[in-house]
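Beneath this line is the structure, given in structure tokens, with notes to follow.
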Amino acid sequence: MQRIGVFVCHCGSNIAATVDVARVVEAAAKEPGVVHAEDYAYMCSEAGQLKIREAIKEKNLTGIVVCSCSPRMHENTFRQAAERAGINPYMVEIANIREHCSWIHKDMEEATEKAVILARAAIAKVTLNAPLQAGTSRVVKRALVIGGGIAGIQTALDIADAGYEVDIVEKTPSIGGRMSQLDKTFPTLDCSACILTPKMVEAAAHEKIHIYTYSEVEKVSGFVGDFTVDIRKKARSVDMSKCTGCGVCQEKCPSKKAPSEFNRGLNTRSAIYTPFAQAIPNVPVIDRENCIKFKTGKCGVCAKVCQAGAIDYEQKDEIVTENYGAIVVATGFDTIKLDQYDEYSYSTSPDVITSLELERIMNAAGPTKGHLERMSDHKPPKSMVFIQCVGSRCADKRGKSYCSKICCMYTAKHAMLIRDKYPDVEVTVFYIDVRTPGKNFDEFYRRAVEEYGVNYIKGQVGKVAEIGDKLLVQGVDLIDNKRILMETDMVVLATAIEPNPDVRKIATMLTASIDTNNFLTESHAKLRPVESPTAGIFLSGVCQGPKDIPETVAQAGAAAVKVVGLLAKDHLVTNPCVAKSDELLCNGCSSCEKVCPYGAISYVEKEVNDHGIRENRRVALVNSALCQGCGACTVACPSGAMDLQGFSNRQILAEVDAICR
Amino acid sequence: MVYSYYPGCTLKNKAQDLDRYARMSAEALGFTLEEIKEWQCCGAVYPQASDEIATKLSAVRALNDAKEKKQDLVTLCSACHHVIKRVNDDMRHVEDIRTKANNYLKLDTPYEGETQVLHFLEVLRDRVGFEKLKEKVVKPLTGRKIGAYYGCLLLRPSGVMAFDDPENPTIIEDFIRALGAEAVVYPYRNECCGGYISLKEKALAGSLVDQVMESAMDKGAQELITACPLCLYNLKNSGAARKLPVRYITELLAEALGLMTE
Amino acid sequence: MHRTEKEQADLIREISGVDTRKCMKCGKCSASCPAYDEMDIRPHQFVSYVQNGDVKALLESKSIWKCLSCFACLERCPRDVKPAKLIEAVRLMVIRQRGEDYLSPNEVPELLDEELPQQLLASAFRKYRK
């Protein structure tokens with residue numbers, strides 16, 4: 001017979017204001033097996049834990065129930081306290097009388113009654129608990145970073161500097177990401193390439209970093225400490241070991257009509273291309289959809305002009321399989337599509353552009369070589385209008401519910417840079433709110449207004465119409481309460497950002513959760529912001545939520561520290577609450593194998609001794625290292641052979657009985 | 001293919017061309033518009049308030065009539081289409097309106113929004129197909145530069161009307177191209193001409209019409225077409241003297257199909 | 001029946017089905033409104049006036065006769081607030097209270113012309129009187 005102790009926490013007033021804790025203690029004390037019951041203001045405090053340890057020793061307790069907050073919060077705390085007092089940590093049960101009770105009820109009578117029931121269920125369960133022993137699993141001392149933008153690069157550098165191997169997998173032909181497309185960066189206006197390129201070079205040169213560009217993660221299996229990942233290296237059609245990066249192939253390529261992804265489709269590129277001059281690696285790829293050789297079989301100019309003989313039309317995709325202890329997602333963002341926002345004439349007028357397109361136009365390596373000009377007639381604009389919050393902060397179906405966070409600052413930057421370089425250009429910004437939290441951010445925005453004379457109008461734009469070669473902006477000034485009808489030459493839309501659409505696929509492979517906006521969910525919004533709830537998966541950059549470069553770099557470093565903390569361990573303690581099959585009950589139907597999301601169940605032919613009858617049977621076998629304890633198999637099993645240790649069918653039913661009593 | 005057809009008040013009177021050429025063209029394209037018996041005026045305005053029931057009943061009657069005949073209901077006038085489509089949406093999704101309307105009408109089986117409401121242009125696009133229409137054209141309108149005037153009622157609110165992209169629609173342009181003419185896209189084609197207020201607010205209606213006309217002329221249109229008798233009236237009669245000719249979509253269609261008797 | 005301004009505001013919210021608290025005060029409704037310059041109280045102000053219970057001013061506003069019912073405000077509102085429905089609710093409140101207000105049958109003959117479509121009269125009577 002178990003000797004059970006029940007400890008009821010007040011959690012200050014969090015629980016005690018709604019639940020009569022004294023009555024919970026009184027009721028619990030009457031339950032069978034309970035030999036000790038008490039309450040305390042903060043059970044999780046050192047003094048509270050001491051009470052548990054002392055009671056275990058004095059009353060020879062074998063099982064513990066703590067009525068407190070969610071087990072996500074303090075289950076570990078109380079397990080450790082129990083272990084220090086000499087009992088198995090899995091003999092501890094939590095009755096969640098805070099999140100499941102006091103926080104959601106107002107009436108004390110009802111809440112107290114419910115708290116008593118929850119305590120009773122936990123007592124019934126712990127009566128059937130058995131000590132469990134956690135095993136250990138290995139840690140592969142190598143990390144994978146998915147995405148080679150500034151977030152991925154920074155995370156990789158920080159992990160590598162700590163002495164661990166890191167692989168970066170980047171989908172496009174070069175690392176660099178969105179930051180490589182930017183011209184200047186706020187609030188200090190340093191050139192984006194000037195500060196990014198050294199980091200790209202450092203990553204490429206680092207002896208601990210291996211970069212797979214033009215590659216994608218194809219399959220992930222395994223678990224924290226020991227993931228197995230298939231990486232598809234897409235056929236580059238260029239031999240990386242031979243190419244010298246001379247660029248002659250790109251110059252001579254006769255197919256030059258593909259829209260340049262790097263320049264956001266504002267100009268075209270050759271079919272064999274590197275996305276930008278500072279690309280790393282400086283090895284082009286052949287875009288087979290646009291290559292004449294691949295389309296018609298004729299051409300082959302690049303192969304003819306390549307002195308190094310690096311062109312390889314026969315190259316095939318290659319799958320590389322690697323093991324990793326940790327995986328970091330750094331898949332970044334894109335701007336939303338604007339085809340739903342044609343009141344701004346984005347689809348119909350080339351002079352209505354997104355802010356990211358403006359970055360390319362302003363950049364010396366961009367489609368206009370850095371000259372500010374209209375894309376329709378290549379004339380310099382005399383006036384420009386910026387529209388904020390396009391697709392952000394929307395409750396309708398067209399846009400995103402969140403604030404994209406970076407637009408207020410980059411718009412101030414654009415406005416300032418334009419007024420600085422072209423003082424004759426009138427710049428007007430239509431805004432709803434100007435949001436500038438950040439070091440030196442509001443000062444930066446005020447400079448745009450006060451020093452550079454940018455005209456900020458509080459109000460939105462309802463329509464942008466092409467009239468002749470001008471754009472007629474129809475807006476409202478909410479401060480003056482008047483209609484604004486303004487002819488202008490260019491309109492720039494501060495377009496909402498969204499997570500890279502590929503992230504859904506990647507999150508599914510990693511079993512990492514994402515929210516309704518496709519941002520990856522962090523384990524705790526405040527206290528575990530760079531970890532996914534899936535063990536061993538970490539988050540870096542905008543894949544987790546909108547952020548600017550300084551925040552991205554900070555978060556990238558934080559993710560790296562978490563990875564290093566994991567890789568520094570030689571072994572991981574595994575969760576003993578895993579599935580186990582009773583081979584005498586198993587009928588070999590494979591139902592469990594089919595539902596297991598972790599591939600942890602296999603079937604073996606085995607001789608079993610069924611009450612004296614020895615025979616060969618096909619039975620389920622659980623790999624406890626792979627099992628995550630989700631319990632899907634236990635409900636799928638038709639013969640009741642599958643059970644989850646620590647959450648056995650008997651234990652669950654005992655809880656249900658206790659609740660219904 | 002036979003469709004139930006709701007012509008509406010104006011098509012029986014001032015907008016007879018819109019009606020007549022639609023029926024002729026339909027036959028030429030292989031479908032029939034079968035007029036609903038004893039239809040009543042839709043009211044020409046969709047009553048937005050949640051407590052307006054009686055003003056929606058004529059639309060429900062028409063919808064139920066089509067339902068009983070197991071036919072889709074085709075409309076032409078933008079205002080009728082707007083009213084009937086939105087009332088149908090209410091009957092489908094707003095329980096309070098559905099219950100009260102059915103209580104008034106005392107139908108054998110309650111009407112619950114079963115009928116599919118189609119604008120004549122949607123029939124051409126989705127049932128006949130513009131490619132097929134192109135084949136049937138005998139007098140292509142080659143060389144003519146025609147602007148589509150959508151106005152507001154066909155497009156908005158887009159969630160219910162589901163007619164086309166409310167800010168950059170293409171259906172009438174595709175229709176114009178199918179007839180062999182050049183479609184002129186201009187930014188004010190989906191802005192309101194002020195038809196509803198043209199009775200009492202002449203100056204406002206005039207300035208809105210001028211804006212539409214200027215915009216269409218700026219982009220090189222030589223004529224405009226519309227599906228709405230109210231828009232047609234307003235575009236013709238309000239605003240400055242400098243304007244483009246405006247005709248109904250079905251006149252243009254009948255012309256291209258060689259059905260005009262001159 | 002006499003209602004306080006607050007009760008009138010509640011009634012407007014009820015018959016329009018508009019939740020005025022959803023508004024983030026961006027002004028896109030007014031920026032989109034083709035009749036903006038003719039209005040004494042602008043579409044975005046209808047939302048805040050109802051929110052603040054200032055119904056008297058709305059009932060006296062000439063804006064309710066200027067609204068085109070073109071739904072541009074409703075279509076483009078990023079918060080799905082539907083100002084057009086508020087304007088219609090206020091107009092209904094006026095015509096339900098005062099009866100024929102903005103259009104009397106006696107006026108009609110002189111407004112008519114040869115081409116005037118029937119639907120214009122039908123809609124005017126729907127909009128202007130009860």
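How things are named: the first chain in the structure tokens is A, the next is B, and so on; residues count from 1 in each chain; ligands count from 1 in the order shown.
Residues with any atom within 8 Å of Ile361 of chain A, counting only C-alpha atoms and excluding same-chain neighbours fewer than 5 positions away, are Gly366, Pro367, Thr368, Lys369, Gly370, His371, Leu372 and Glu373 of chain A.
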Quick one: write out the picked residues with C-alpha atoms as a PDB file, in the first residue's frame?
```
ATOM      1  CA  GLY A 366      20.543  47.001 -58.449  1.00  0.00           C
ATOM      2  CA  PRO A 367      18.609  47.234 -61.708  1.00  0.00           C
ATOM      3  CA  THR A 368      19.075  51.004 -61.994  1.00  0.00           C
ATOM      4  CA  LYS A 369      22.604  51.017 -60.605  1.00  0.00           C
ATOM      5  CA  GLY A 370      21.409  52.973 -57.625  1.00  0.00           C
ATOM      6  CA  HIS A 371      19.740  55.790 -59.543  1.00  0.00           C
ATOM      7  CA  LEU A 372      16.327  56.600 -58.201  1.00  0.00           C
ATOM      8  CA  GLU A 373      14.046  56.309 -61.194  1.00  0.00           C
TER       9      GLU A 373
END
```
Problem set entry | Nearby residues (only C-alpha atoms) at most 7 Å from segment 163-174 of chain B, same-chain spacing under 5 positions excluded, as a list in words | Asp342 and Glu343 of chain A; Ala148, Leu154, Leu155, Arg156, Ser158, Ala183 and Asn190 of chain B
Include N, CA and C atoms and write out the residues we just selected as a compact mmCIF listing (two decimals), in the first residue's frame.
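Saved file result34.txt follows:
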```txt
# COMPACT_ATOMS: atom_id res chain seq x y z
N ASP A 342 -5.17 45.84 -55.12
CA ASP A 342 -5.06 46.64 -56.33
C ASP A 342 -5.72 48.00 -56.24
N GLU A 343 -6.31 48.36 -55.09
CA GLU A 343 -6.71 49.76 -54.95
C GLU A 343 -5.47 50.65 -54.99
N ALA B 148 -14.50 49.00 -69.91
CA ALA B 148 -15.56 48.39 -69.10
C ALA B 148 -15.86 49.33 -67.94
N LEU B 154 -21.74 45.39 -58.69
CA LEU B 154 -21.40 44.03 -59.11
C LEU B 154 -20.26 43.48 -58.27
N LEU B 155 -19.38 44.38 -57.81
CA LEU B 155 -18.12 43.92 -57.21
C LEU B 155 -18.13 43.86 -55.69
N ARG B 156 -18.86 44.80 -55.07
CA ARG B 156 -18.72 44.94 -53.63
C ARG B 156 -20.04 44.66 -52.92
N SER B 158 -17.08 42.18 -51.87
CA SER B 158 -16.57 41.06 -52.66
C SER B 158 -16.80 39.72 -51.98
N ALA B 183 -9.70 45.90 -75.06
CA ALA B 183 -10.23 46.31 -73.76
C ALA B 183 -9.30 47.36 -73.16
N ASN B 190 -13.94 50.82 -61.38
CA ASN B 190 -14.66 50.23 -60.26
C ASN B 190 -15.04 51.27 -59.21
```
For this session: Please determine the contact residues of chain A with respect to chain B at a cut-off of 9 Å, counting only C-alpha atoms, and supply them as an NGL selection string.
Result: :A and (339-345 or 347-348 or 464-468)
For this session: Show me which bits of chain C are within 6 Å of chain A, counting only C-alpha atoms, as an MDAnalysis selection string.
Result: chainID C and resid 26:28 31:32 78:80
For this session: Once DSSP has gone over the backbone, tell me which residues of segment 328-472 of chain A are in helix (DSSP H, G or I), as a ChimeraX atom specification.
Result: /A:342-344,355-362,407-421,441-450
For this session: Hey, list the chain B side of the contact with chain C: 9 Å cut-off, only C-alpha atoms, answer as a ChimeraX atom specification.
Result: /B:8-11,13-15,41,43-45,47-52,55,79,151-153,156-159,166,191-201,204,208,229-230,233-234,237
Exercise. Pick the closest to Arg3 of chain C from C:Gly53, C:Pro43, C:Pro83, C:Pro105: which is it, counting only C-alpha atoms?
Worked result: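 Among the listed residues, C:Gly53 lies closest to Arg3 of chain C.
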Problem set entry | Coordinates-based distance that separates atom CA of Met161 of chain B from atom CA of Ile84 of chain B (Å, one decimal) |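 Atom-to-atom, atom CA of Ile84 of chain B to atom CA of Met161 of chain B, that is 10.1 Å.
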For this session: Write out as a PyMOL selection string all residues of segment 141-390 of chain A that backbone DSSP assigns to strand (DSSP E or B).
Result: chain A and resi 142-146+165-169+184-185+190-191+209-212+215-223+226-233+238+258-259+268-269+272-273+285-286+311+318-324+326-329+333-335+352-354+383-390
For this session: In Å, rounded to a single decimal, give me how far atom CA of Ala160 of chain A is from atom CA of Asn500 of chain A.
Result: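 Computing it gives 25.4 Å between the two atoms.
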Exercise. Of the candidates B:Val160, B:Val2, B:Met260, B:Ile249, which shows the shortest atom-to-atom distance to Leu29 of chain B, using only C-alpha atoms?
Worked result: B:Val2
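Counting from atom CA of Gln222 of chain B, the distance to atom CA of Pro140 of chain B is 16.4 Å.
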For this session: Considering only C-alpha atoms, return as JSON, numbers by chain whatever protein or nucleic-acid residues lie within 6 Å of segment 561-575 of chain A, sequence-local ones (same chain, fewer than 5 positions apart) excluded.
Result: {"A": [134, 135, 136, 137, 138, 139, 141]}
Save out the residues we just selected, N, CA, C and O atoms, as a compact mmCIF listing (two decimals), in the first residue's frame.
```
# COMPACT_ATOMS: atom_id res chain seq x y z
N ALA A 134 14.80 6.50 -15.93
CA ALA A 134 15.10 7.15 -17.20
C ALA A 134 16.37 6.56 -17.78
O ALA A 134 17.31 6.27 -17.04
N GLY A 135 16.38 6.35 -19.11
CA GLY A 135 17.59 5.87 -19.76
C GLY A 135 18.41 7.04 -20.29
O GLY A 135 18.13 8.20 -19.98
N THR A 136 19.39 6.75 -21.09
CA THR A 136 20.18 7.84 -21.70
C THR A 136 20.28 7.59 -23.20
O THR A 136 20.09 6.47 -23.67
N SER A 137 20.52 8.69 -23.94
CA SER A 137 20.75 8.55 -25.38
C SER A 137 21.94 9.43 -25.76
O SER A 137 22.31 10.35 -25.03
N ARG A 138 22.51 9.14 -26.95
CA ARG A 138 23.75 9.84 -27.32
C ARG A 138 23.45 11.23 -27.88
O ARG A 138 22.31 11.51 -28.29
N VAL A 139 24.46 12.07 -27.90
CA VAL A 139 24.36 13.39 -28.50
C VAL A 139 25.37 13.49 -29.64
O VAL A 139 26.58 13.36 -29.42
N LYS A 141 27.54 15.48 -31.97
CA LYS A 141 28.11 16.81 -31.73
C LYS A 141 28.18 17.62 -33.01
O LYS A 141 29.25 18.04 -33.46
```
Give me the residues near segment 46-50 of chain C as a PDB file with N, CA and C atoms, in the first residue's frame, where near means some atom within 10 Å (using only C-alpha atoms) and where sequence neighbours in that chain fewer than 5 positions away do not count.
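Saved the output as selection.pdb:
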```
ATOM      1  N   GLU C   5     -29.214  59.343 -25.981  1.00  0.00           N
ATOM      2  CA  GLU C   5     -28.224  59.204 -27.061  1.00  0.00           C
ATOM      3  C   GLU C   5     -27.496  57.865 -26.987  1.00  0.00           C
ATOM      4  N   LYS C   6     -27.236  57.446 -25.755  1.00  0.00           N
ATOM      5  CA  LYS C   6     -26.517  56.186 -25.586  1.00  0.00           C
ATOM      6  C   LYS C   6     -27.373  55.021 -26.089  1.00  0.00           C
ATOM      7  N   GLN C   8     -29.673  55.262 -28.320  1.00  0.00           N
ATOM      8  CA  GLN C   8     -29.716  55.363 -29.783  1.00  0.00           C
ATOM      9  C   GLN C   8     -28.450  54.761 -30.400  1.00  0.00           C
ATOM     10  N   ALA C   9     -27.314  55.026 -29.750  1.00  0.00           N
ATOM     11  CA  ALA C   9     -26.048  54.465 -30.256  1.00  0.00           C
ATOM     12  C   ALA C   9     -26.096  52.948 -30.215  1.00  0.00           C
ATOM     13  N   ASP C  10     -26.656  52.407 -29.123  1.00  0.00           N
ATOM     14  CA  ASP C  10     -26.773  50.949 -29.028  1.00  0.00           C
ATOM     15  C   ASP C  10     -27.669  50.400 -30.135  1.00  0.00           C
ATOM     16  N   LEU C  11     -28.760  51.125 -30.403  1.00  0.00           N
ATOM     17  CA  LEU C  11     -29.689  50.684 -31.448  1.00  0.00           C
ATOM     18  C   LEU C  11     -28.993  50.705 -32.821  1.00  0.00           C
ATOM     19  N   ILE C  12     -28.202  51.747 -33.053  1.00  0.00           N
ATOM     20  CA  ILE C  12     -27.481  51.832 -34.326  1.00  0.00           C
ATOM     21  C   ILE C  12     -26.524  50.650 -34.475  1.00  0.00           C
ATOM     22  N   ARG C  13     -25.817  50.364 -33.374  1.00  0.00           N
ATOM     23  CA  ARG C  13     -24.914  49.209 -33.414  1.00  0.00           C
ATOM     24  C   ARG C  13     -25.691  47.930 -33.685  1.00  0.00           C
ATOM     25  N   VAL C  18     -22.615  46.536 -36.602  1.00  0.00           N
ATOM     26  CA  VAL C  18     -21.217  46.981 -36.630  1.00  0.00           C
ATOM     27  C   VAL C  18     -20.648  47.020 -35.212  1.00  0.00           C
ATOM     28  N   ASP C  19     -19.479  46.439 -35.047  1.00  0.00           N
ATOM     29  CA  ASP C  19     -18.754  46.539 -33.786  1.00  0.00           C
ATOM     30  C   ASP C  19     -17.754  47.688 -33.918  1.00  0.00           C
ATOM     31  N   THR C  20     -18.122  48.845 -33.363  1.00  0.00           N
ATOM     32  CA  THR C  20     -17.289  50.034 -33.564  1.00  0.00           C
ATOM     33  C   THR C  20     -15.925  49.911 -32.876  1.00  0.00           C
ATOM     34  N   ARG C  21     -15.818  48.995 -31.918  1.00  0.00           N
ATOM     35  CA  ARG C  21     -14.528  48.856 -31.230  1.00  0.00           C
ATOM     36  C   ARG C  21     -13.450  48.230 -32.097  1.00  0.00           C
ATOM     37  N   LYS C  22     -13.860  47.627 -33.209  1.00  0.00           N
ATOM     38  CA  LYS C  22     -12.852  47.011 -34.083  1.00  0.00           C
ATOM     39  C   LYS C  22     -12.032  48.052 -34.841  1.00  0.00           C
ATOM     40  N   CYS C  23     -12.527  49.296 -34.876  1.00  0.00           N
ATOM     41  CA  CYS C  23     -11.858  50.340 -35.661  1.00  0.00           C
ATOM     42  C   CYS C  23     -10.481  50.660 -35.088  1.00  0.00           C
ATOM     43  N   LYS C  25      -8.790  53.293 -36.366  1.00  0.00           N
ATOM     44  CA  LYS C  25      -8.656  54.705 -36.689  1.00  0.00           C
ATOM     45  C   LYS C  25      -7.571  54.983 -37.734  1.00  0.00           C
ATOM     46  N   ILE C  41     -19.923  65.133 -41.698  1.00  0.00           N
ATOM     47  CA  ILE C  41     -19.293  64.162 -40.805  1.00  0.00           C
ATOM     48  C   ILE C  41     -18.814  63.005 -41.681  1.00  0.00           C
ATOM     49  N   VAL C  55     -24.888  60.710 -30.990  1.00  0.00           N
ATOM     50  CA  VAL C  55     -25.809  60.366 -32.074  1.00  0.00           C
ATOM     51  C   VAL C  55     -26.541  61.593 -32.617  1.00  0.00           C
ATOM     52  N   LYS C  56     -26.784  62.567 -31.760  1.00  0.00           N
ATOM     53  CA  LYS C  56     -27.545  63.731 -32.184  1.00  0.00           C
ATOM     54  C   LYS C  56     -26.909  64.383 -33.418  1.00  0.00           C
ATOM     55  N   ALA C  57     -25.605  64.555 -33.340  1.00  0.00           N
ATOM     56  CA  ALA C  57     -24.890  65.172 -34.466  1.00  0.00           C
ATOM     57  C   ALA C  57     -25.060  64.339 -35.734  1.00  0.00           C
ATOM     58  N   LEU C  58     -25.063  63.020 -35.570  1.00  0.00           N
ATOM     59  CA  LEU C  58     -25.188  62.150 -36.747  1.00  0.00           C
ATOM     60  C   LEU C  58     -26.585  62.276 -37.365  1.00  0.00           C
ATOM     61  N   SER C  63     -24.469  64.090 -44.213  1.00  0.00           N
ATOM     62  CA  SER C  63     -23.711  62.985 -44.826  1.00  0.00           C
ATOM     63  C   SER C  63     -24.591  61.797 -45.167  1.00  0.00           C
ATOM     64  N   ILE C  64     -25.641  61.580 -44.334  1.00  0.00           N
ATOM     65  CA  ILE C  64     -26.469  60.389 -44.564  1.00  0.00           C
ATOM     66  C   ILE C  64     -27.191  60.460 -45.913  1.00  0.00           C
ATOM     67  N   VAL C  81     -14.827  46.833 -40.425  1.00  0.00           N
ATOM     68  CA  VAL C  81     -15.746  47.584 -39.567  1.00  0.00           C
ATOM     69  C   VAL C  81     -17.089  47.902 -40.265  1.00  0.00           C
ATOM     70  N   LYS C  82     -17.080  48.110 -41.562  1.00  0.00           N
ATOM     71  CA  LYS C  82     -18.295  48.370 -42.345  1.00  0.00           C
ATOM     72  C   LYS C  82     -18.989  49.699 -42.008  1.00  0.00           C
ATOM     73  N   PRO C  83     -18.295  50.826 -42.224  1.00  0.00           N
ATOM     74  CA  PRO C  83     -18.911  52.134 -41.944  1.00  0.00           C
ATOM     75  C   PRO C  83     -20.204  52.364 -42.739  1.00  0.00           C
ATOM     76  N   ALA C  84     -20.313  51.835 -43.953  1.00  0.00           N
ATOM     77  CA  ALA C  84     -21.525  52.052 -44.764  1.00  0.00           C
ATOM     78  C   ALA C  84     -22.776  51.580 -44.030  1.00  0.00           C
ATOM     79  N   LEU C  86     -23.214  51.587 -40.813  1.00  0.00           N
ATOM     80  CA  LEU C  86     -23.530  52.566 -39.764  1.00  0.00           C
ATOM     81  C   LEU C  86     -24.296  53.737 -40.357  1.00  0.00           C
ATOM     82  N   ILE C  87     -23.819  54.216 -41.528  1.00  0.00           N
ATOM     83  CA  ILE C  87     -24.459  55.370 -42.160  1.00  0.00           C
ATOM     84  C   ILE C  87     -25.901  55.011 -42.518  1.00  0.00           C
ATOM     85  N   VAL C  90     -28.092  55.008 -39.395  1.00  0.00           N
ATOM     86  CA  VAL C  90     -28.456  56.363 -38.954  1.00  0.00           C
ATOM     87  C   VAL C  90     -29.549  56.918 -39.876  1.00  0.00           C
TER      88      VAL C  90
END
```
For this session: Please provide as a PyMOL selection string all residues within 8 Å of Lys171 of chain A, with the sequence filter that same-chain residues fewer than 3 positions apart are discarded (counting only C-alpha atoms).
Result: chain A and resi 147+213-216
